[in-house]
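A.B. asks: Structure: upload15.cif, mmCIF, C-alpha atoms.
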data_target
loop_
_atom_site.label_atom_id
_atom_site.label_comp_id
_atom_site.auth_asym_id
_atom_site.auth_seq_id
_atom_site.Cartn_x
_atom_site.Cartn_y
_atom_site.Cartn_z
CA MET V 1 84.18 116.65 -30.68
CA ASN V 2 80.91 118.50 -30.11
CA PHE V 3 78.57 118.98 -27.15
CA SER V 4 74.82 119.43 -26.97
CA GLU V 5 73.04 121.98 -24.87
CA VAL V 6 72.59 121.21 -21.19
CA PHE V 7 69.31 119.66 -20.01
CA LYS V 8 67.88 119.29 -16.52
CA LEU V 9 68.32 116.00 -14.67
CA SER V 10 67.58 114.44 -11.28
CA SER V 11 69.39 111.68 -9.40
CA LEU V 12 71.69 110.84 -12.36
CA LEU V 13 68.76 109.05 -14.04
CA CYS V 14 69.58 109.17 -17.75
CA LYS V 15 69.71 106.11 -20.03
CA PHE V 16 69.92 105.33 -23.72
CA SER V 17 67.39 102.83 -25.04
CA PRO V 18 68.82 99.42 -26.03
CA ASP V 19 68.17 100.11 -29.73
CA GLY V 20 69.98 103.45 -29.48
CA LYS V 21 67.06 105.52 -30.78
CA TYR V 22 65.90 107.19 -27.57
CA LEU V 23 67.28 108.87 -24.49
CA ALA V 24 65.26 108.88 -21.26
CA ALA V 25 65.95 111.36 -18.46
CA CYS V 26 64.18 112.11 -15.19
CA VAL V 27 63.42 115.50 -13.70
CA GLN V 28 61.95 114.76 -10.26
CA TYR V 29 58.59 113.09 -11.03
CA ARG V 30 58.69 113.63 -14.79
CA LEU V 31 60.12 111.25 -17.38
CA VAL V 32 61.35 112.90 -20.58
CA VAL V 33 62.03 110.74 -23.66
CA ARG V 34 64.04 112.37 -26.45
CA ASP V 35 65.05 111.37 -29.95
CA VAL V 36 68.79 110.70 -29.88
CA SER V 37 69.48 112.16 -33.33
CA THR V 38 67.62 115.47 -32.80
CA LEU V 39 67.25 115.60 -28.98
CA GLN V 40 63.64 116.66 -29.51
CA VAL V 41 61.14 115.63 -26.83
CA LEU V 42 59.05 112.70 -28.05
CA GLN V 43 57.15 111.87 -24.88
CA LEU V 44 56.66 113.45 -21.49
CA TYR V 45 55.28 111.23 -18.72
CA THR V 46 54.22 112.31 -15.25
CA CYS V 47 54.64 109.84 -12.40
CA LEU V 48 52.94 109.78 -9.00
CA ASP V 49 56.09 110.64 -7.05
CA GLN V 50 59.78 111.40 -7.50
CA ILE V 51 61.43 108.75 -9.68
CA GLN V 52 64.30 106.81 -8.12
CA HIS V 53 65.06 104.25 -10.84
CA ILE V 54 64.38 103.85 -14.57
CA GLU V 55 65.00 100.93 -16.91
CA TRP V 56 64.23 100.24 -20.57
CA SER V 57 62.75 96.97 -21.73
CA ALA V 58 65.04 94.95 -24.00
CA ASP V 59 63.02 95.83 -27.11
CA SER V 60 62.93 99.57 -26.23
CA LEU V 61 59.11 99.63 -26.35
CA PHE V 62 58.52 100.13 -22.62
CA ILE V 63 60.22 101.91 -19.77
CA LEU V 64 59.62 101.42 -16.06
CA CYS V 65 59.89 104.06 -13.36
CA ALA V 66 60.34 102.87 -9.78
CA MET V 67 59.39 104.97 -6.77
CA TYR V 68 60.87 103.01 -3.89
CA LYS V 69 59.60 105.29 -1.14
CA ARG V 70 56.02 104.73 -2.25
CA GLY V 71 56.44 101.07 -3.18
CA LEU V 72 55.25 101.88 -6.72
CA VAL V 73 56.32 101.02 -10.26
CA GLN V 74 54.82 102.74 -13.30
CA VAL V 75 55.36 101.39 -16.80
CA TRP V 76 54.99 103.52 -19.94
CA SER V 77 54.67 102.54 -23.60
CA LEU V 78 56.36 104.47 -26.38
CA GLU V 79 54.10 103.03 -29.08
CA GLN V 80 50.88 103.71 -27.14
CA PRO V 81 51.43 106.79 -24.94
CA GLU V 82 47.90 106.59 -23.55
CA TRP V 83 48.63 103.09 -22.13
CA HIS V 84 50.36 102.71 -18.82
CA CYS V 85 50.69 100.19 -16.00
CA ARG V 86 50.86 100.74 -12.26
CA ILE V 87 52.23 98.16 -9.81
CA ASP V 88 51.74 98.74 -6.09
CA GLU V 89 53.64 96.45 -3.72
CA GLY V 90 51.67 97.78 -0.76
CA SER V 91 52.91 97.05 2.77
CA ALA V 92 55.66 94.75 1.45
CA GLY V 93 57.51 97.80 0.15
CA LEU V 94 59.93 97.98 -2.74
CA ALA V 95 63.72 97.73 -2.71
CA ALA V 96 64.56 97.01 -6.36
CA SER V 97 62.84 96.63 -9.74
CA CYS V 98 64.06 95.31 -13.09
CA TRP V 99 62.90 93.86 -16.40
CA SER V 100 63.15 90.26 -17.48
CA PRO V 101 64.93 89.76 -20.84
CA ASP V 102 61.65 89.32 -22.72
CA GLY V 103 60.56 92.84 -21.77
CA ARG V 104 57.13 91.65 -20.62
CA HIS V 105 57.82 90.71 -17.00
CA ILE V 106 58.89 92.93 -14.12
CA LEU V 107 60.78 91.59 -11.11
CA ASN V 108 60.20 93.56 -7.91
CA THR V 109 62.23 92.85 -4.79
CA THR V 110 60.40 93.71 -1.58
CA GLU V 111 61.91 95.47 1.39
CA PHE V 112 64.19 93.38 3.61
CA HIS V 113 64.53 91.02 0.58
CA LEU V 114 61.66 88.87 1.76
CA ARG V 115 60.72 87.83 -1.78
CA ILE V 116 60.79 88.69 -5.47
CA THR V 117 57.44 89.28 -7.17
CA VAL V 118 57.29 88.60 -10.92
CA TRP V 119 54.55 90.59 -12.67
CA SER V 120 53.45 89.72 -16.20
CA LEU V 121 52.30 92.58 -18.43
CA CYS V 122 50.68 90.16 -20.88
CA THR V 123 48.71 87.76 -18.67
CA LYS V 124 48.64 89.91 -15.52
CA SER V 125 49.74 86.83 -13.59
CA VAL V 126 51.96 87.01 -10.50
CA SER V 127 54.74 84.63 -9.42
CA TYR V 128 56.75 84.66 -6.21
CA ILE V 129 60.38 83.71 -5.54
CA LYS V 130 61.51 83.37 -1.93
CA TYR V 131 64.82 83.88 -0.17
CA PRO V 132 66.63 86.41 -2.41
CA LYS V 133 69.96 87.41 -0.91
CA ALA V 134 70.52 91.05 -0.02
CA CYS V 135 73.47 91.84 -2.28
CA GLN V 136 74.34 94.31 -5.01
CA GLN V 137 74.13 91.92 -7.97
CA GLY V 138 71.94 89.04 -6.90
CA ILE V 139 70.16 88.46 -10.23
CA SER V 140 71.69 87.60 -13.60
CA PHE V 141 70.17 86.34 -16.85
CA THR V 142 71.69 84.23 -19.61
CA ARG V 143 72.33 86.05 -22.87
CA ASP V 144 69.42 84.31 -24.62
CA GLY V 145 67.07 85.17 -21.75
CA ARG V 146 66.03 81.58 -21.07
CA TYR V 147 67.46 81.23 -17.56
CA MET V 148 67.93 83.35 -14.47
CA ALA V 149 70.54 82.81 -11.78
CA LEU V 150 69.54 84.07 -8.34
CA ALA V 151 71.67 84.44 -5.23
CA GLU V 152 69.72 83.10 -2.27
CA ARG V 153 70.12 82.95 1.47
CA ARG V 154 68.60 79.75 2.89
CA ASP V 155 69.14 78.39 6.38
CA CYS V 156 72.01 80.81 6.99
CA ARG V 157 73.87 79.54 3.89
CA ASP V 158 74.42 81.13 0.48
CA HIS V 159 73.14 79.35 -2.63
CA VAL V 160 72.76 80.01 -6.35
CA SER V 161 69.53 78.78 -7.91
CA VAL V 162 68.73 78.65 -11.62
CA PHE V 163 65.17 79.42 -12.80
CA VAL V 164 63.47 78.92 -16.14
CA CYS V 165 62.18 82.33 -17.25
CA SER V 166 59.23 80.91 -19.20
CA ASP V 167 57.42 79.78 -16.04
CA TRP V 168 59.77 81.00 -13.26
CA GLN V 169 60.23 77.49 -11.91
CA LEU V 170 63.41 76.21 -10.30
CA LEU V 171 65.66 74.33 -12.72
CA ARG V 172 68.59 73.40 -10.50
CA TYR V 173 69.28 73.89 -6.86
CA LYS V 174 73.01 74.03 -6.48
CA MET V 175 75.63 75.80 -4.42
CA LEU V 176 78.43 77.94 -5.84
CA LEU V 177 79.05 77.87 -9.62
CA TYR V 178 77.55 75.07 -11.70
CA SER V 179 76.75 74.51 -15.35
CA LEU V 180 73.12 74.21 -16.36
CA ASP V 181 73.34 70.42 -16.57
CA GLY V 182 74.48 70.25 -12.96
CA ARG V 183 78.24 69.79 -13.42
CA LEU V 184 80.42 71.57 -10.88
CA LEU V 185 82.70 73.76 -12.96
CA SER V 186 85.02 75.05 -10.29
CA VAL V 187 85.38 76.28 -6.76
CA PHE V 188 87.70 79.27 -6.74
CA CYS V 189 89.13 80.97 -3.68
CA ALA V 190 91.53 83.85 -4.18
CA TYR V 191 93.28 83.29 -0.86
CA GLU V 192 92.55 82.27 2.70
CA TRP V 193 91.23 85.46 4.30
CA SER V 194 87.93 86.62 5.73
CA LEU V 195 87.63 89.18 2.94
CA GLY V 196 87.90 87.63 -0.51
CA ILE V 197 86.21 88.52 -3.80
CA LYS V 198 85.09 92.14 -4.24
CA SER V 199 84.32 92.47 -7.96
CA VAL V 200 83.81 90.14 -10.93
CA ALA V 201 83.61 90.72 -14.69
CA TRP V 202 83.15 88.39 -17.68
CA SER V 203 84.96 89.15 -20.90
CA PRO V 204 82.59 89.67 -23.88
CA SER V 205 84.13 86.61 -25.54
CA SER V 206 83.27 84.52 -22.44
CA GLN V 207 86.85 83.21 -22.45
CA PHE V 208 88.00 85.02 -19.31
CA LEU V 209 86.62 85.78 -15.88
CA ALA V 210 88.33 88.58 -13.97
CA VAL V 211 88.10 88.42 -10.19
CA GLY V 212 89.05 91.47 -8.13
CA SER V 213 89.99 90.91 -4.50
CA TYR V 214 90.53 92.89 -1.34
CA ASP V 215 94.28 92.23 -1.49
CA GLY V 216 94.60 94.60 -4.46
CA LYS V 217 95.04 91.88 -7.07
CA VAL V 218 93.05 90.72 -10.09
CA ARG V 219 93.03 87.02 -10.95
CA VAL V 220 92.10 86.11 -14.52
CA LEU V 221 90.47 82.68 -14.92
CA ASN V 222 90.11 80.87 -18.24
CA HIS V 223 86.92 79.13 -19.34
CA VAL V 224 88.56 75.75 -20.05
CA THR V 225 90.07 74.78 -16.70
CA TRP V 226 88.56 77.57 -14.56
CA LYS V 227 91.98 78.11 -13.07
CA ALA V 228 93.80 81.41 -12.66
CA ILE V 229 96.09 81.98 -15.64
CA THR V 230 97.64 85.14 -14.20
CA GLU V 231 97.55 87.62 -11.34
CA PHE V 232 97.62 91.35 -11.98
CA GLU V 233 99.11 93.25 -9.07
CA HIS V 234 98.74 97.01 -8.67
CA PRO V 235 102.12 98.32 -7.47
CA THR V 236 102.31 101.97 -6.42
CA ASN V 237 105.91 102.19 -7.66
CA ILE V 238 106.45 101.65 -11.39
CA ASN V 239 110.15 101.56 -12.17
CA ASN V 240 110.68 100.30 -15.70
CA PRO V 241 108.01 101.33 -18.20
CA LYS V 242 108.90 101.24 -21.89
CA ILE V 243 108.37 104.59 -23.56
CA PRO V 244 106.13 104.39 -26.67
CA ILE V 245 107.59 104.80 -30.13
CA LEU V 246 105.43 107.27 -32.06
CA ARG V 247 105.43 107.11 -35.85
CA GLY V 248 102.92 109.15 -37.79
CA GLY V 249 100.82 109.65 -34.66
CA VAL V 250 100.39 105.90 -34.14
CA GLY V 251 101.77 104.17 -31.06
CA LEU V 252 103.88 101.18 -32.12
CA LEU V 253 105.01 100.05 -28.66
CA ARG V 254 103.26 100.88 -25.42
CA LEU V 255 104.09 98.74 -22.42
CA GLN V 256 103.55 100.06 -18.90
CA VAL V 257 103.17 103.66 -20.05
CA VAL V 258 102.11 106.02 -17.28
CA TYR V 259 99.99 108.95 -18.46
CA LYS V 260 99.86 111.67 -15.85
CA GLU V 261 97.19 114.34 -15.89
CA ALA V 262 98.61 117.84 -15.44
CA GLU V 263 96.97 121.24 -15.36
CA LYS V 264 97.69 123.82 -17.98
CA SER V 265 96.53 127.36 -18.62
CA PRO V 266 93.90 128.14 -21.32
CA GLN V 267 96.68 129.60 -23.48
CA GLN V 268 98.28 126.16 -23.64
CA ALA V 269 95.03 124.38 -24.48
CA LEU V 270 96.11 123.61 -28.03
CA ASP V 271 99.46 122.14 -27.05
CA HIS V 272 99.68 118.37 -27.00
CA LEU V 273 102.10 115.80 -25.70
CA ALA V 274 100.70 112.33 -25.20
CA PHE V 275 97.96 112.66 -27.80
CA PRO V 276 96.50 115.49 -29.92
CA PRO V 277 93.73 116.83 -27.66
CA CYS V 278 90.49 118.52 -28.52
CA ARG V 279 90.42 122.26 -29.02
CA ALA V 280 89.40 124.28 -25.97
CA ALA V 281 85.88 125.65 -25.88
CA ALA V 282 85.53 129.33 -26.50
CA GLY V 283 85.05 131.46 -23.42
CA LEU V 284 86.40 128.94 -20.90
CA SER V 285 88.41 130.53 -18.13
CA SER V 286 89.00 127.51 -15.91
CA PRO V 287 92.37 125.70 -16.12
CA GLU V 288 92.64 123.08 -18.83
CA SER V 289 94.40 119.78 -18.34
CA LYS V 290 96.56 117.52 -20.45
CA TYR V 291 98.25 114.16 -20.23
CA GLU V 292 102.00 113.83 -20.01
CA ILE V 293 104.06 110.66 -20.23
CA ALA V 294 105.57 110.40 -16.77
CA SER V 295 109.29 109.84 -16.27
CA VAL V 296 110.41 106.81 -14.31
CA PRO V 297 110.30 105.93 -11.55
CA VAL V 298 106.65 106.75 -10.93
CA SER V 299 105.08 106.69 -7.46
CA LEU V 300 101.30 106.64 -7.39
CA GLN V 301 99.36 108.21 -4.54
CA MET V 302 98.17 105.53 -2.12
CA LEU V 303 95.60 105.77 0.65
CA LYS V 304 95.84 103.83 3.86
CA PRO V 305 92.41 102.56 4.91
CA ALA V 306 91.22 103.19 8.44
CA ALA V 307 91.91 100.00 10.37
CA ASP V 308 89.28 100.79 13.01
CA ARG V 309 86.36 100.97 10.56
CA ALA V 310 84.21 98.18 9.23
CA ASN V 311 84.25 97.44 5.49
CA PRO V 312 87.37 99.47 4.66
CA LYS V 313 87.52 100.80 1.13
CA ILE V 314 90.34 98.64 -0.15
CA GLY V 315 90.86 96.23 -3.01
CA ILE V 316 89.73 96.13 -6.63
CA GLY V 317 86.50 98.10 -6.61
CA ALA V 318 85.87 98.20 -10.36
CA LEU V 319 86.95 96.26 -13.42
CA ALA V 320 85.70 95.95 -17.01
CA PHE V 321 86.77 94.29 -20.26
CA SER V 322 86.94 96.12 -23.57
CA PRO V 323 84.36 94.95 -26.16
CA ASP V 324 86.99 92.95 -28.06
CA SER V 325 88.22 91.32 -24.80
CA TYR V 326 91.76 92.57 -25.54
CA PHE V 327 92.00 94.96 -22.59
CA LEU V 328 90.95 94.98 -18.95
CA ALA V 329 90.53 98.25 -17.04
CA THR V 330 90.73 98.17 -13.24
CA ARG V 331 90.62 100.55 -10.28
CA ASN V 332 92.29 99.79 -6.99
CA ASP V 333 90.51 101.58 -4.15
CA ASN V 334 93.84 101.98 -2.36
CA VAL V 335 95.06 104.05 -5.34
CA PRO V 336 91.90 106.06 -6.10
CA ASN V 337 93.45 108.44 -8.66
CA ALA V 338 94.58 105.78 -11.13
CA VAL V 339 93.10 103.54 -13.80
CA TRP V 340 95.08 100.46 -14.77
CA ILE V 341 94.80 99.02 -18.27
CA TRP V 342 96.00 95.47 -18.88
CA ASP V 343 96.75 93.63 -22.12
CA VAL V 344 94.79 90.40 -21.72
CA ARG V 345 96.35 88.74 -24.78
CA LYS V 346 99.91 89.16 -23.50
CA LEU V 347 98.97 89.13 -19.81
CA ARG V 348 100.83 92.31 -18.94
CA LEU V 349 100.32 95.87 -17.86
CA PHE V 350 99.72 98.12 -20.86
CA ALA V 351 99.13 101.60 -19.42
CA VAL V 352 98.31 103.52 -16.25
CA LEU V 353 96.32 106.77 -16.20
CA GLU V 354 97.02 108.89 -13.14
CA GLN V 355 94.34 111.53 -12.57
CA LEU V 356 94.38 114.69 -10.46
CA ARG V 357 91.16 113.59 -8.74
CA PRO V 358 89.81 110.21 -7.58
CA VAL V 359 88.25 108.19 -10.38
CA ARG V 360 84.47 107.89 -10.01
CA SER V 361 83.70 105.56 -12.91
CA PHE V 362 84.90 104.33 -16.29
CA HIS V 363 83.11 102.64 -19.20
CA TRP V 364 84.23 101.11 -22.49
CA ASP V 365 82.91 102.15 -25.88
CA PRO V 366 80.59 99.26 -26.94
CA GLN V 367 82.13 99.16 -30.42
CA GLN V 368 85.89 99.59 -29.95
CA PRO V 369 88.59 99.59 -27.25
CA ARG V 370 88.04 103.18 -26.13
CA LEU V 371 87.65 103.97 -22.44
CA ALA V 372 85.80 106.98 -21.01
CA ILE V 373 86.62 108.14 -17.48
CA CYS V 374 85.10 110.72 -15.14
CA THR V 375 86.43 112.06 -11.84
CA GLY V 376 83.63 114.35 -10.67
CA GLY V 377 85.21 117.42 -12.28
CA SER V 378 84.35 119.43 -15.38
CA LYS V 379 86.30 117.18 -17.74
CA VAL V 380 85.86 113.82 -19.42
CA TYR V 381 88.83 111.62 -20.27
CA LEU V 382 89.24 109.19 -23.17
CA TRP V 383 91.87 106.49 -23.64
CA SER V 384 92.59 104.12 -26.52
CA PRO V 385 95.69 102.16 -27.59
CA ALA V 386 96.65 105.20 -29.69
CA GLY V 387 96.77 107.53 -26.67
CA CYS V 388 94.62 109.55 -24.31
CA VAL V 389 92.98 112.95 -24.15
CA SER V 390 91.42 115.29 -21.58
CA VAL V 391 88.34 117.24 -22.69
CA GLN V 392 86.78 120.23 -20.96
CA VAL V 393 82.97 120.18 -20.92
CA PRO V 394 81.81 123.60 -22.18
CA GLY V 395 78.94 125.65 -20.82
CA GLU V 396 78.19 128.34 -18.32
CA GLY V 397 78.94 127.47 -14.72
CA ASP V 398 80.56 124.29 -13.48
CA PHE V 399 79.37 121.02 -14.98
CA HIS V 400 80.71 118.26 -12.72
CA VAL V 401 80.64 114.90 -14.50
CA LEU V 402 79.54 112.40 -11.86
CA SER V 403 78.68 109.56 -14.22
CA LEU V 404 78.58 108.73 -17.92
CA CYS V 405 77.17 106.18 -20.33
CA TRP V 406 77.87 105.26 -23.97
CA HIS V 407 75.44 105.16 -26.84
CA LEU V 408 74.95 101.71 -28.35
CA HIS V 409 76.95 102.61 -31.47
CA GLY V 410 79.73 104.36 -29.57
CA GLY V 411 79.36 107.67 -31.38
CA SER V 412 78.27 109.68 -28.34
CA LEU V 413 78.41 109.85 -24.56
CA ALA V 414 75.83 111.03 -22.05
CA LEU V 415 77.57 113.06 -19.34
CA LEU V 416 75.63 113.29 -16.09
CA SER V 417 75.97 115.87 -13.33
CA LYS V 418 73.90 116.34 -10.20
CA ASP V 419 71.17 118.45 -11.83
CA HIS V 420 71.91 118.37 -15.57
CA PHE V 421 73.14 116.23 -18.44
CA CYS V 422 74.49 116.77 -21.93
CA LEU V 423 75.60 114.66 -24.87
CA CYS V 424 79.17 114.52 -26.10
CA PHE V 425 79.41 113.63 -29.81
CA LEU V 426 82.69 112.03 -30.80
CA ASP V 427 84.19 112.51 -34.25
CA THR V 428 84.64 109.48 -36.46
CA VAL V 429 88.36 110.19 -36.24
CA GLY V 430 89.85 110.89 -32.85
CA VAL V 431 90.96 108.87 -29.88
CA GLY V 432 91.59 105.34 -31.04
CA THR V 433 92.19 106.08 -34.73
CA ALA V 434 95.39 106.50 -36.66
CA GLY V 435 96.61 110.06 -36.96
CA GLY V 436 94.51 111.47 -34.12
CA GLN V 437 92.73 114.44 -35.66
CA GLN V 438 91.83 117.45 -33.57
CA GLY V 439 88.19 117.80 -32.64
CA ASN V 440 85.81 120.67 -32.06
CA HIS V 441 84.24 122.13 -28.94
CA THR V 442 81.07 123.91 -29.97
#
Rewrite the coordinates I just gave you, this time as structure tokens.
C.D. replies:
Amino acid sequence: MNFSEVFKLSSLLCKFSPDGKYLAACVQYRLVVRDVSTLQVLQLYTCLDQIQHIEWSADSLFILCAMYKRGLVQVWSLEQPEWHCRIDEGSAGLAASCWSPDGRHILNTTEFHLRITVWSLCTKSVSYIKYPKACQQGISFTRDGRYMALAERRDCRDHVSVFVCSDWQLLRYKMLLYSLDGRLLSVFCAYEWSLGIKSVAWSPSSQFLAVGSYDGKVRVLNHVTWKAITEFEHPTNINNPKIPILRGGVGLLRLQVVYKEAEKSPQQALDHLAFPPCRAAAGLSSPESKYEIASVPVSLQMLKPAADRANPKIGIGALAFSPDSYFLATRNDNVPNAVWIWDVRKLRLFAVLEQLRPVRSFHWDPQQPRLAICTGGSKVYLWSPAGCVSVQVPGEGDFHVLSLCWHLHGGSLALLSKDHFCLCFLDTVGVGTAGGQQGNHT
């Protein structure tokens, strides 16, 4: 495993292009586009104010930069650097901006969610959509880009409307979840409580829908009956895990294995227990860490939410399917230091990773069941069915990994800190492959 040099970054704004050829990063009001293979600067764009959001078009030919405080969006072309577009929302303000799937329309949500303005880069026409609901994920497109589902708030009631992206006209006006031909697929309620669904994730195969709730459970629905086929609880006491049988470095049986992160001195950096880790970077003086297979029973650290505060941080705050839909990773906000990994095929708990610090985020490799985790410290963590590994990020000073994102082909990771970012290049053999070869820190 190798690391690039460290580059400057602002506001964690760093994204790979959809085709995997470019890497865009923001440094205050500048947008820097690099070649992924060489990390050489290809384009340097200067915006009118500090950038607060960036997004690539689906074909990787354009990139938008949103400046919410100024109500501005600037669009840049990689093929024609001299061309650019400026969108000013004026007194309406700007709360969010995104691309349509065709990469030629920009959807701007005004302040207070009064409307969505659709700007066309080709015809310069403008369309308006009223009543968008103020929520985190209120817009979603079909995979082929033909339709858009929009969460709306009309007459004090929530609705989901479906629009045709070719002309941005309403296709169906329905409540809750419907198919495109108007059939009601299902009405699902996790349980009778004022707080219900907190997070939702589709499996890549579209066969399963995982629903995370405030009661600390995940319900998995199937796409045939739209009924829950199982409930995954998140117990803090794990009493009967089956220890894995290791043969030639390959895990043959891993059911409810608890990997516990533990600190170790730099002298022990080459030792390995749960999985052959990467070699420590030269010159590091900070404590290394490793994973150990915990002995039963295991008690996970649990937080009790403040009962006197609104919107307590409880329930399933994050969940994601692996690219092959075989595994589901979840985080229970009540147990912030743990990541749960479930076997979707056998509907059972597969592994638990207990970290020393609260888990900030996790993301699956787009090409294989390999999970990357960050906790806000100077390490990045990788898990696969073959085992898990803790990797120290080299470099002078502390590099606190606050977020991360995978390259399209899964061969590298962008690690983001408050003011810098670097790339982590994974070996072709490593976590998730038979034998588990040692990697390099250079």
A.B. asks: For the atom pair atom CA of Leu371 of chain V and atom CA of Leu402 of chain V, what is the interatomic distance in Å to one decimal place?
C.D. replies: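 Rounded to one decimal, the two atoms are 15.8 Å apart.
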A.B. asks: Using only C-alpha atoms, which of the listed residues (V:Gln355, V:Lys379, V:Glu263, V:Trp364) sits closest to Ser412 of chain V?
C.D. replies: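 Checking each candidate against Ser412 of chain V, we get V:Trp364 as the closest.
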A.B. asks: Quick one: distance from atom CA of Val200 of chain V to atom CA of Pro132 of chain V in Å, one decimal?
C.D. replies: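 Computing it gives 19.5 Å between the two atoms.
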A.B. asks: Neighbouring residues of Thr230 of chain V were defined as those with any atom within 12 Å, considering all atoms listed in the file; residues of the same chain fewer than 4 positions away were excluded. Please report them as a ChimeraX atom specification.
C.D. replies: /V:190,208-211,217-222,226,342-349
A.B. asks: Can I get the selection written as a compact mmCIF listing (two decimals), in the frame of the given file, with C-alpha atoms?
C.D. replies:
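New file part29.txt:
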# COMPACT_ATOMS: atom_id res chain seq x y z
CA ALA V 190 91.53 83.85 -4.18
CA PHE V 208 88.00 85.02 -19.31
CA LEU V 209 86.62 85.78 -15.88
CA ALA V 210 88.33 88.58 -13.97
CA VAL V 211 88.10 88.42 -10.19
CA LYS V 217 95.04 91.88 -7.07
CA VAL V 218 93.05 90.72 -10.09
CA ARG V 219 93.03 87.02 -10.95
CA VAL V 220 92.10 86.11 -14.52
CA LEU V 221 90.47 82.68 -14.92
CA ASN V 222 90.11 80.87 -18.24
CA TRP V 226 88.56 77.57 -14.56
CA TRP V 342 96.00 95.47 -18.88
CA ASP V 343 96.75 93.63 -22.12
CA VAL V 344 94.79 90.40 -21.72
CA ARG V 345 96.35 88.74 -24.78
CA LYS V 346 99.91 89.16 -23.50
CA LEU V 347 98.97 89.13 -19.81
CA ARG V 348 100.83 92.31 -18.94
CA LEU V 349 100.32 95.87 -17.86
A.B. asks: Give me, please, the distance in Å between atom CA of Ile197 of chain V and atom CA of Gly212 of chain V, quoted to one decimal.
C.D. replies: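 So the two atoms, atom CA of Ile197 of chain V and atom CA of Gly212 of chain V, lie 6.0 Å apart.
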A.B. asks: Evaluate the PyMOL selection byres ((chain V and resi 325) around 8) against this structure - the residues, as number ranges by chain, please.
C.D. replies: V: 203-205, 321-324, 326-328, 344
A.B. asks: Regenerate segment 90-94 of chain V at the level of all heavy atoms and dump it as an mmCIF file, keeping the file's coordinate frame.
C.D. replies:
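Result went into out19.cif, see below:
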data_model
loop_
_atom_site.group_PDB
_atom_site.id
_atom_site.type_symbol
_atom_site.label_atom_id
_atom_site.label_comp_id
_atom_site.auth_asym_id
_atom_site.auth_seq_id
_atom_site.Cartn_x
_atom_site.Cartn_y
_atom_site.Cartn_z
ATOM 1 N N GLY V 90 52.371 97.643 -2.034
ATOM 2 C CA GLY V 90 51.670 97.780 -0.760
ATOM 3 C C GLY V 90 52.594 97.756 0.450
ATOM 4 O O GLY V 90 53.689 98.320 0.432
ATOM 5 N N SER V 91 52.164 97.062 1.512
ATOM 6 C CA SER V 91 52.910 97.050 2.770
ATOM 7 C C SER V 91 54.237 96.310 2.656
ATOM 8 O O SER V 91 55.116 96.486 3.498
ATOM 9 C CB SER V 91 52.068 96.404 3.867
ATOM 10 O OG SER V 91 51.717 95.071 3.516
ATOM 11 N N ALA V 92 54.393 95.478 1.622
ATOM 12 C CA ALA V 92 55.660 94.750 1.450
ATOM 13 C C ALA V 92 56.801 95.679 1.087
ATOM 14 O O ALA V 92 57.970 95.363 1.305
ATOM 15 C CB ALA V 92 55.502 93.664 0.389
ATOM 16 N N GLY V 93 56.486 96.841 0.530
ATOM 17 C CA GLY V 93 57.510 97.800 0.150
ATOM 18 C C GLY V 93 58.255 97.377 -1.101
ATOM 19 O O GLY V 93 57.996 96.331 -1.691
ATOM 20 N N LEU V 94 59.184 98.215 -1.505
ATOM 21 C CA LEU V 94 59.930 97.980 -2.740
ATOM 22 C C LEU V 94 61.381 98.390 -2.542
ATOM 23 O O LEU V 94 61.671 99.503 -2.105
ATOM 24 C CB LEU V 94 59.313 98.782 -3.888
ATOM 25 C CG LEU V 94 59.915 98.599 -5.282
ATOM 26 C CD1 LEU V 94 59.713 97.181 -5.765
ATOM 27 C CD2 LEU V 94 59.296 99.590 -6.265
#
